[in-house]
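Shown next, in structure tokens, is the structure this report addresses.
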Amino acid sequence: MSEQLCFILRYASIQLTYVTSHCSKISAAQKIGELRQNPADDVWKEQVDFKVTRGQCWHVVFAPDESYFAWISAPRKLLLVPWDRERNCIASQLPSTLKESRVDGGIVGGPRLRETITLTCQYPFLCVNFGISNKTVKQPTRTSWTRYDFANVNVVATGHTNGRIRIWNLETGAFLTELISHRAAIRDLAFAPDGSLRLISASLDKTLKGWDLHEDGNMFKTFIAHKEEALWCTWSPNSKLLASTGNEKTVFVWGMDNYKLIRTLEGHSHNVVSCSFSPDGAVLATASWDTQVILWDPYLGVILYTLYHVHPPPSLIYASGANSAWVRGVSYSKNGMNVVTVSDDHLIRFWNLMGDVDPEGIAGEDEDPLSCIYSPSGRCVAVGTDKFKVTFYSAPVEIPRLTHLARMAVRKVVLTQHVDELEIPNSLKSYLKYKVWV
């Protein structure tokens with residue numbers, strides 16, 4: 001394998017280094033659509049915690065196959081909007097495709113293909129994610145009767161202010177079950193990418209919990225390490241690691257084979273509120289209120305790169321306090337070359353990790369952006385704001401070098417600690433470890 005790897009990387013580097021042109025530049029990213037709250041839905045009158053309910057679009061989420069986009073359009077309303085992957089846009093007009101699904105009172109309207117599905121609940125929505133069952137994943141032999149068979153069902157999980165998680169049928173919008181254990185609001189949900197329907201929840205009760213939907217949503221693990229509220233969690237693409245962040249400076253990395261804490265990442269000087277793995281799982285990007293995004297090697301815990309949102313880099317006192325450049329969200333592109341971030345200065349930055357340290361393209365928002373995500377295809381970026389608005393930006397695909405493609409292919413199966421075992425030149429080892437980006 002070492003000889004083949006060396007040949008592939010050398011050939012790609014020597015023969016095709018000229019393939020660096022863009023299909024179209026990231027700086028040409030344009031606004032291609034938006035979703036705005038219906039004024040009639042803005043009826044939230046109760047006195048509750050502003051930070052976790054009213055007017056905060058914490059999450060914007062695409063289904064893994066890009067069939068739907070999940071939009072929290074109001075505190076008690078969540079829309080599953082059909083997405084056209086080919087045209088890179090919303091697949092239908094909302095007014096003509098609305099369908100209601102409620103916990104109380106049953107489903108209004110029968111299931112019809114590719115319609116917008118509306119989920120409503122008594123307790124406000126805070127987060128959402130899609131669970132796509134993988135029929136090729138071998139499930140453990142069941143030793144007891146189960147109420148639900150999720151083997152052939154794709155689901156949507158929603159987190160609420162009352163600390164409960166609701167599971168819905170993605171195809172029909174039918175409410176299926178409720179998961180109860182957390183003692184405070186749910187701030188994030190993440191399904192394992194391997195299709196096993198293992199669900200991890202992050203809560204303001206300072207814990208993460210693991211749920212197995214193939215066992216009727218049985219809660220199989222409580223992850224205890226956070227000293228403050230847990231705000232975010234994300235799986236590595238190979239489902240071997242989980243990273244979690246919260247209202248503290250530390251990032252926690254968990255091994256998902258034994259569900260134990262394997263590493264803490266220390267480097268930020270303010271709360272770390274979002275994180276995202278690279279497509280090969282070799283790099284973890286973390287966004288913090290200290291105005292920085294740090295790119296880590298999650299296996300060794302070392303800092304590989306820092307994206308500064310304020311120049312020159314601010315002093316510790318400024319970065320660790322209230323400032324106008326808190327970074328709220330970060331997302332990795334499918335090609336592993338680009339990162340998008342949103343911050344309190346109302347800017348959406350597109351970073352080319354293989355180019356300049358400064359962002360290539362900057363777009364502005366008229367409202368406070370709180371979250372961002374690349375679509376699974378990498379052709380679109382969705383940005384959620386504090387007024388329940390979602391804006392979609394085109395993200396033109398950049399043609400990567402073959403050396404980078406080879407690196408990602410290798411790093412999907414070779415962990416950092418095993419790179420040194422390969423019989424290849426040290427320069428290639430540094431390249432595989434992302435010590436050298438280009």
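So you can find residues: chains in the structure tokens are A, B, ... in the order shown, residues in each start at 1, and ligands are numbered from 1 in order.
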Residues within 8 Å of region 55-72 of chain A, please, as a short mmCIF file (atom, residue, chain, number, x, y, z; two decimals) with C-alpha atoms, in the first residue's frame. Count only C-alpha atoms; anything in the same chain fewer than 5 positions from it doesn't count.
data_model
loop_
_atom_site.label_atom_id
_atom_site.label_comp_id
_atom_site.auth_asym_id
_atom_site.auth_seq_id
_atom_site.Cartn_x
_atom_site.Cartn_y
_atom_site.Cartn_z
CA PHE A 50 -35.13 34.71 24.94
CA LYS A 77 -43.52 25.37 13.62
CA LEU A 78 -40.97 23.46 11.60
CA LEU A 79 -41.16 23.08 7.81
CA LEU A 80 -39.60 20.25 5.83
CA VAL A 81 -39.18 21.98 2.49
CA PRO A 82 -38.52 19.87 -0.64
CA TRP A 83 -35.14 20.66 -2.15
CA ASP A 84 -34.25 20.19 -5.81
CA ARG A 85 -30.70 18.84 -5.82
CA PHE A 125 -38.40 23.76 18.42
CA LEU A 126 -34.71 24.44 18.98
CA CYS A 127 -32.95 21.95 16.71
CA VAL A 128 -33.61 19.33 14.07
CA ASN A 129 -31.80 16.62 12.16
CA PHE A 130 -32.48 13.84 9.66
CA ILE A 132 -31.59 8.09 7.15
CA LEU A 370 -26.53 32.42 13.78
CA SER A 371 -25.85 29.23 11.84
CA CYS A 372 -24.59 28.02 8.47
CA ILE A 373 -24.22 24.76 6.58
CA SER A 375 -25.46 21.32 1.35
CA PRO A 376 -24.28 17.67 1.05
CA SER A 377 -23.44 18.28 -2.62
CA ALA A 382 -27.71 27.98 3.92
CA VAL A 383 -27.52 30.68 6.60
CA GLY A 384 -30.03 31.03 9.44
CA THR A 385 -30.62 34.35 11.20
CA ASP A 386 -32.13 35.56 14.45
CA LYS A 387 -35.45 36.40 12.78
CA PHE A 388 -36.17 32.86 11.58
CA LYS A 389 -34.97 33.79 8.09
CA VAL A 390 -32.88 31.42 5.98
#
Fill in: Spatial neighbours of Arg198 (chain A), 10 Å, only C-alpha atoms, chain gap at least 6 places, as an MDAnalysis selection string
chainID A and resid 131 133 190:192 210:215 217:220 239
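The two atoms in question, CA of Val153 (chain A) and CA of Trp168 (chain A), are spaced 9.9 Å apart.
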Nearby residues (only C-alpha atoms) at most 12 Å from Ser430 (chain A), same-chain spacing under 6 positions excluded, as a list in words: Leu304, Arg407, Thr416, Val419, Asp420, Leu422, Ile424, Val436, Trp437 and Val438 of chain A
Go ahead and save the picked residues with all heavy atoms, as a CSV table (one decimal), in the first residue's frame.
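Output file out-v5.csv follows:
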chain,number,residue,atom,x,y,z
A,304,LEU,N,-3.8,22.9,13.6
A,304,LEU,CA,-3.2,22.9,12.3
A,304,LEU,C,-3.3,24.2,11.6
A,304,LEU,O,-2.4,24.6,10.8
A,304,LEU,CB,-4.0,21.8,11.4
A,304,LEU,CG,-4.0,20.4,11.9
A,304,LEU,CD1,-5.0,19.6,11.1
A,304,LEU,CD2,-2.6,19.8,11.9
A,407,ARG,N,-5.1,12.6,-0.9
A,407,ARG,CA,-4.9,12.7,0.5
A,407,ARG,C,-6.2,12.4,1.3
A,407,ARG,O,-6.3,11.7,2.3
A,407,ARG,CB,-4.5,14.1,0.9
A,407,ARG,CG,-4.5,14.4,2.4
A,407,ARG,CD,-3.8,15.7,2.7
A,407,ARG,NE,-4.4,16.9,2.1
A,407,ARG,CZ,-3.9,18.1,2.2
A,407,ARG,NH1,-2.8,18.3,3.0
A,407,ARG,NH2,-4.5,19.1,1.6
A,416,THR,N,-4.3,9.6,11.8
A,416,THR,CA,-3.0,10.4,11.9
A,416,THR,C,-1.9,9.5,12.6
A,416,THR,O,-0.8,9.6,12.1
A,416,THR,CB,-3.3,11.6,12.7
A,416,THR,OG1,-4.4,12.4,12.2
A,416,THR,CG2,-2.0,12.5,12.7
A,419,VAL,N,-0.1,7.3,10.2
A,419,VAL,CA,0.6,7.8,9.0
A,419,VAL,C,2.1,7.6,9.0
A,419,VAL,O,2.7,7.2,8.0
A,419,VAL,CB,0.3,9.3,8.8
A,419,VAL,CG1,1.2,9.9,7.7
A,419,VAL,CG2,-1.2,9.6,8.5
A,420,ASP,N,2.7,7.7,10.2
A,420,ASP,CA,4.1,7.5,10.3
A,420,ASP,C,4.5,6.0,10.0
A,420,ASP,O,5.7,5.8,9.8
A,420,ASP,CB,4.6,7.9,11.7
A,420,ASP,CG,4.6,9.4,11.9
A,420,ASP,OD1,4.8,10.1,10.9
A,420,ASP,OD2,4.5,9.8,13.0
A,422,LEU,N,3.6,4.4,7.5
A,422,LEU,CA,3.6,4.2,6.0
A,422,LEU,C,5.1,4.5,5.5
A,422,LEU,O,5.8,5.4,6.0
A,422,LEU,CB,2.7,5.2,5.3
A,422,LEU,CG,1.2,5.1,5.7
A,422,LEU,CD1,0.4,6.2,5.0
A,422,LEU,CD2,0.6,3.7,5.3
A,424,ILE,N,6.7,6.0,3.2
A,424,ILE,CA,6.7,7.1,2.2
A,424,ILE,C,7.6,8.2,2.7
A,424,ILE,O,7.9,8.3,3.9
A,424,ILE,CB,5.2,7.6,2.0
A,424,ILE,CG1,4.6,8.1,3.3
A,424,ILE,CG2,4.3,6.5,1.4
A,424,ILE,CD1,3.3,8.7,3.2
A,436,VAL,N,1.0,20.5,6.0
A,436,VAL,CA,1.2,21.2,4.7
A,436,VAL,C,-0.2,21.1,4.0
A,436,VAL,O,-0.7,20.0,3.8
A,436,VAL,CB,2.3,20.7,3.9
A,436,VAL,CG1,2.4,21.5,2.6
A,436,VAL,CG2,3.6,20.7,4.6
A,437,TRP,N,-0.8,22.3,3.6
A,437,TRP,CA,-2.1,22.3,3.0
A,437,TRP,C,-2.0,22.2,1.5
A,437,TRP,O,-2.9,21.6,0.9
A,437,TRP,CB,-2.9,23.5,3.4
A,437,TRP,CG,-3.3,23.5,4.9
A,437,TRP,CD1,-2.5,23.8,6.0
A,437,TRP,CD2,-4.5,23.0,5.4
A,437,TRP,NE1,-3.2,23.6,7.1
A,437,TRP,CE2,-4.5,23.1,6.8
A,437,TRP,CE3,-5.7,22.5,4.8
A,437,TRP,CZ2,-5.5,22.7,7.6
A,437,TRP,CZ3,-6.7,22.1,5.6
A,437,TRP,CH2,-6.6,22.2,7.0
A,438,VAL,N,-1.1,22.7,0.9
A,438,VAL,CA,-1.0,22.8,-0.6
A,438,VAL,C,0.2,21.9,-1.1
A,438,VAL,O,1.3,22.0,-0.5
A,438,VAL,CB,-0.8,24.2,-1.1
A,438,VAL,CG1,-0.8,24.2,-2.6
A,438,VAL,CG2,-2.0,25.1,-0.6
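The closest residue to Val251 (chain A), picked from A:Gly281, A:Pro237, A:Gly301, A:Pro75 and counting only C-alpha atoms, is A:Gly301.
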Shell of 9 Å around Asn338 (chain A), only C-alpha atoms, local chain residues under 4 positions omitted, as a VMD selection string: chain A and resid 331 to 334 350 to 354 398
Residue subset to file, keeping N, CA, C and O atoms, as an mmCIF file, in the first residue's frame:
data_model
loop_
_atom_site.group_PDB
_atom_site.id
_atom_site.type_symbol
_atom_site.label_atom_id
_atom_site.label_comp_id
_atom_site.auth_asym_id
_atom_site.auth_seq_id
_atom_site.Cartn_x
_atom_site.Cartn_y
_atom_site.Cartn_z
ATOM 1 N N SER A 331 -18.904 25.527 8.834
ATOM 2 C CA SER A 331 -19.266 24.311 8.094
ATOM 3 C C SER A 331 -18.206 24.028 7.042
ATOM 4 O O SER A 331 -17.714 24.934 6.364
ATOM 5 N N TYR A 332 -17.865 22.741 6.918
ATOM 6 C CA TYR A 332 -16.883 22.279 5.937
ATOM 7 C C TYR A 332 -17.578 21.925 4.633
ATOM 8 O O TYR A 332 -18.686 21.380 4.632
ATOM 9 N N SER A 333 -16.926 22.212 3.506
ATOM 10 C CA SER A 333 -17.473 21.844 2.200
ATOM 11 C C SER A 333 -17.161 20.384 1.888
ATOM 12 O O SER A 333 -16.273 19.769 2.498
ATOM 13 N N LYS A 334 -17.881 19.851 0.909
ATOM 14 C CA LYS A 334 -17.713 18.457 0.537
ATOM 15 C C LYS A 334 -16.328 18.182 -0.035
ATOM 16 O O LYS A 334 -15.787 17.084 0.135
ATOM 17 N N PHE A 350 -16.317 33.004 3.094
ATOM 18 C CA PHE A 350 -15.948 31.772 2.407
ATOM 19 C C PHE A 350 -14.418 31.693 2.387
ATOM 20 O O PHE A 350 -13.753 32.554 1.816
ATOM 21 N N TRP A 351 -13.880 30.658 3.004
ATOM 22 C CA TRP A 351 -12.435 30.510 3.130
ATOM 23 C C TRP A 351 -11.932 29.405 2.200
ATOM 24 O O TRP A 351 -12.489 28.317 2.174
ATOM 25 N N ASN A 352 -10.870 29.698 1.486
ATOM 26 C CA ASN A 352 -10.198 28.693 0.668
ATOM 27 C C ASN A 352 -8.951 28.233 1.418
ATOM 28 O O ASN A 352 -7.958 28.958 1.492
ATOM 29 N N LEU A 353 -9.002 27.030 1.968
ATOM 30 C CA LEU A 353 -7.889 26.550 2.789
ATOM 31 C C LEU A 353 -6.647 26.248 1.973
ATOM 32 O O LEU A 353 -5.564 26.083 2.535
ATOM 33 N N MET A 354 -6.798 26.159 0.673
ATOM 34 C CA MET A 354 -5.652 25.899 -0.191
ATOM 35 C C MET A 354 -5.093 27.197 -0.798
ATOM 36 O O MET A 354 -4.225 27.163 -1.668
ATOM 37 N N GLU A 398 -15.147 24.169 -6.596
ATOM 38 C CA GLU A 398 -13.777 24.399 -7.022
ATOM 39 C C GLU A 398 -13.131 23.062 -7.364
ATOM 40 O O GLU A 398 -13.308 22.071 -6.647
#
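Those residues of region 335-385 of chain A that DSSP, working from the backbone, places in strand (DSSP E or B) are A:Asn338, A:Val339, A:Val340, A:Thr341, A:Val342, A:Ser343, A:Leu347, A:Ile348, A:Arg349, A:Phe350, A:Trp351, A:Asn352, A:Gly361, A:Ile362, A:Ala363, A:Gly364, A:Pro369, A:Leu370, A:Ser371, A:Cys372, A:Ile373, A:Tyr374, A:Cys380, A:Val381, A:Ala382, A:Val383, A:Gly384, A:Thr385.
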Limited to C-alpha atoms, could you put the picked residues into a file as a JSON list (two decimals), in the first residue's frame?
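Dumped to part.json:
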[["chain", "number", "residue", "atom", "x", "y", "z"],
["A", 338, "ASN", "CA", -13.44, 25.36, 1.73],
["A", 339, "VAL", "CA", -15.01, 26.47, 4.99],
["A", 340, "VAL", "CA", -17.88, 28.90, 5.52],
["A", 341, "THR", "CA", -18.34, 30.90, 8.73],
["A", 342, "VAL", "CA", -20.87, 33.38, 10.11],
["A", 343, "SER", "CA", -20.23, 35.97, 12.81],
["A", 347, "LEU", "CA", -20.64, 38.72, 7.37],
["A", 348, "ILE", "CA", -20.64, 35.30, 5.76],
["A", 349, "ARG", "CA", -17.05, 34.39, 4.94],
["A", 350, "PHE", "CA", -15.95, 31.77, 2.41],
["A", 351, "TRP", "CA", -12.43, 30.51, 3.13],
["A", 352, "ASN", "CA", -10.20, 28.69, 0.67],
["A", 361, "GLY", "CA", -15.59, 35.86, -0.78],
["A", 362, "ILE", "CA", -17.64, 37.83, 1.72],
["A", 363, "ALA", "CA", -21.40, 38.27, 1.68],
["A", 364, "GLY", "CA", -23.38, 40.45, 4.06],
["A", 369, "PRO", "CA", -26.58, 35.24, 11.25],
["A", 370, "LEU", "CA", -26.53, 32.42, 13.78],
["A", 371, "SER", "CA", -25.85, 29.23, 11.84],
["A", 372, "CYS", "CA", -24.59, 28.02, 8.47],
["A", 373, "ILE", "CA", -24.22, 24.76, 6.58],
["A", 374, "TYR", "CA", -23.02, 23.50, 3.24],
["A", 380, "CYS", "CA", -25.16, 25.68, -1.72],
["A", 381, "VAL", "CA", -24.72, 27.32, 1.67],
["A", 382, "ALA", "CA", -27.71, 27.98, 3.92],
["A", 383, "VAL", "CA", -27.52, 30.68, 6.60],
["A", 384, "GLY", "CA", -30.03, 31.03, 9.44],
["A", 385, "THR", "CA", -30.62, 34.35, 11.20]]
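Straight-line separation from CA of Ala285 (chain A) to CA of His404 (chain A): 17.9 Å.
Taking only C-alpha atoms, the non-local environment of Pro124 (chain A) within 7 Å (same-chain residues fewer than 5 positions away omitted) comprises Thr53, Pro75, Arg76, His160 and Thr161 of chain A.
Residues surrounding Ala243 (chain A) within 7 Å are Cys233, Thr234, Trp235, Val251, Phe252, Val253 and Trp254 of chain A [only C-alpha atoms; sequence separation below 5 positions excluded].
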If you run DSSP on the backbone here, which positions in region 277-417 of chain A get helix (DSSP H, G or I)? Please write them as a ChimeraX atom specification. /A:316-319,402-411,416-417
Would you export the selected residues with N, CA and C atoms as a PDB file, in the first residue's frame, please?
ATOM      1  N   LEU A 316      -6.099  39.037  24.242  1.00  0.00           N
ATOM      2  CA  LEU A 316      -6.832  38.040  25.015  1.00  0.00           C
ATOM      3  C   LEU A 316      -8.032  38.663  25.718  1.00  0.00           C
ATOM      4  N   ILE A 317      -7.857  39.882  26.248  1.00  0.00           N
ATOM      5  CA  ILE A 317      -8.952  40.543  26.955  1.00  0.00           C
ATOM      6  C   ILE A 317     -10.122  40.797  26.011  1.00  0.00           C
ATOM      7  N   TYR A 318      -9.816  41.267  24.793  1.00  0.00           N
ATOM      8  CA  TYR A 318     -10.869  41.540  23.817  1.00  0.00           C
ATOM      9  C   TYR A 318     -11.522  40.245  23.347  1.00  0.00           C
ATOM     10  N   ALA A 319     -10.708  39.242  23.033  1.00  0.00           N
ATOM     11  CA  ALA A 319     -11.239  37.994  22.484  1.00  0.00           C
ATOM     12  C   ALA A 319     -12.077  37.224  23.494  1.00  0.00           C
ATOM     13  N   LEU A 402      -5.410  16.704  -7.696  1.00  0.00           N
ATOM     14  CA  LEU A 402      -5.478  15.260  -7.454  1.00  0.00           C
ATOM     15  C   LEU A 402      -4.709  14.869  -6.203  1.00  0.00           C
ATOM     16  N   THR A 403      -3.676  15.636  -5.857  1.00  0.00           N
ATOM     17  CA  THR A 403      -2.957  15.339  -4.621  1.00  0.00           C
ATOM     18  C   THR A 403      -3.884  15.468  -3.414  1.00  0.00           C
ATOM     19  N   HIS A 404      -4.743  16.477  -3.446  1.00  0.00           N
ATOM     20  CA  HIS A 404      -5.683  16.657  -2.343  1.00  0.00           C
ATOM     21  C   HIS A 404      -6.733  15.540  -2.326  1.00  0.00           C
ATOM     22  N   LEU A 405      -7.223  15.153  -3.496  1.00  0.00           N
ATOM     23  CA  LEU A 405      -8.177  14.051  -3.565  1.00  0.00           C
ATOM     24  C   LEU A 405      -7.555  12.753  -3.056  1.00  0.00           C
ATOM     25  N   ALA A 406      -6.291  12.535  -3.419  1.00  0.00           N
ATOM     26  CA  ALA A 406      -5.597  11.342  -2.943  1.00  0.00           C
ATOM     27  C   ALA A 406      -5.424  11.390  -1.432  1.00  0.00           C
ATOM     28  N   ARG A 407      -5.098  12.586  -0.911  1.00  0.00           N
ATOM     29  CA  ARG A 407      -4.944  12.725   0.538  1.00  0.00           C
ATOM     30  C   ARG A 407      -6.248  12.399   1.261  1.00  0.00           C
ATOM     31  N   MET A 408      -7.359  12.929   0.777  1.00  0.00           N
ATOM     32  CA  MET A 408      -8.638  12.648   1.427  1.00  0.00           C
ATOM     33  C   MET A 408      -8.973  11.166   1.353  1.00  0.00           C
ATOM     34  N   ALA A 409      -8.697  10.531   0.212  1.00  0.00           N
ATOM     35  CA  ALA A 409      -8.992   9.104   0.077  1.00  0.00           C
ATOM     36  C   ALA A 409      -8.182   8.280   1.077  1.00  0.00           C
ATOM     37  N   VAL A 410      -6.915   8.654   1.266  1.00  0.00           N
ATOM     38  CA  VAL A 410      -6.062   7.933   2.210  1.00  0.00           C
ATOM     39  C   VAL A 410      -6.511   8.191   3.641  1.00  0.00           C
ATOM     40  N   ARG A 411      -6.796   9.459   3.985  1.00  0.00           N
ATOM     41  CA  ARG A 411      -7.132   9.795   5.364  1.00  0.00           C
ATOM     42  C   ARG A 411      -8.488   9.256   5.808  1.00  0.00           C
ATOM     43  N   THR A 416      -4.284   9.578  11.825  1.00  0.00           N
ATOM     44  CA  THR A 416      -3.043  10.353  11.930  1.00  0.00           C
ATOM     45  C   THR A 416      -1.935   9.547  12.583  1.00  0.00           C
ATOM     46  N   GLN A 417      -2.266   8.835  13.650  1.00  0.00           N
ATOM     47  CA  GLN A 417      -1.234   8.099  14.387  1.00  0.00           C
ATOM     48  C   GLN A 417      -0.653   6.935  13.592  1.00  0.00           C
TER      49      GLN A 417
END
| task | With a distance cut-off of 9 Å and only C-alpha atoms, select the neighbouring residues of Leu284 (chain A), excluding the residue or stretch itself and same-chain residues fewer than 6 positions from it, and output the selection as a PyMOL selection string. | result | chain A and resi 236+243+275-278+294-298
Take the selection from the previous step and output its residues with C-alpha atoms, as a short mmCIF file (atom, residue, chain, number, x, y, z; two decimals), in the first residue's frame.
data_model
loop_
_atom_site.label_atom_id
_atom_site.label_comp_id
_atom_site.auth_asym_id
_atom_site.auth_seq_id
_atom_site.Cartn_x
_atom_site.Cartn_y
_atom_site.Cartn_z
CA SER A 236 -16.93 12.30 12.14
CA ALA A 243 -17.00 16.26 18.92
CA CYS A 275 -17.87 22.54 15.07
CA SER A 276 -17.59 20.63 11.80
CA PHE A 277 -15.47 17.71 10.55
CA SER A 278 -13.74 17.68 7.19
CA ILE A 294 -9.38 26.72 14.78
CA LEU A 295 -8.67 23.69 12.59
CA TRP A 296 -7.52 20.74 14.72
CA ASP A 297 -6.17 17.28 14.23
CA PRO A 298 -8.81 15.49 16.35
#
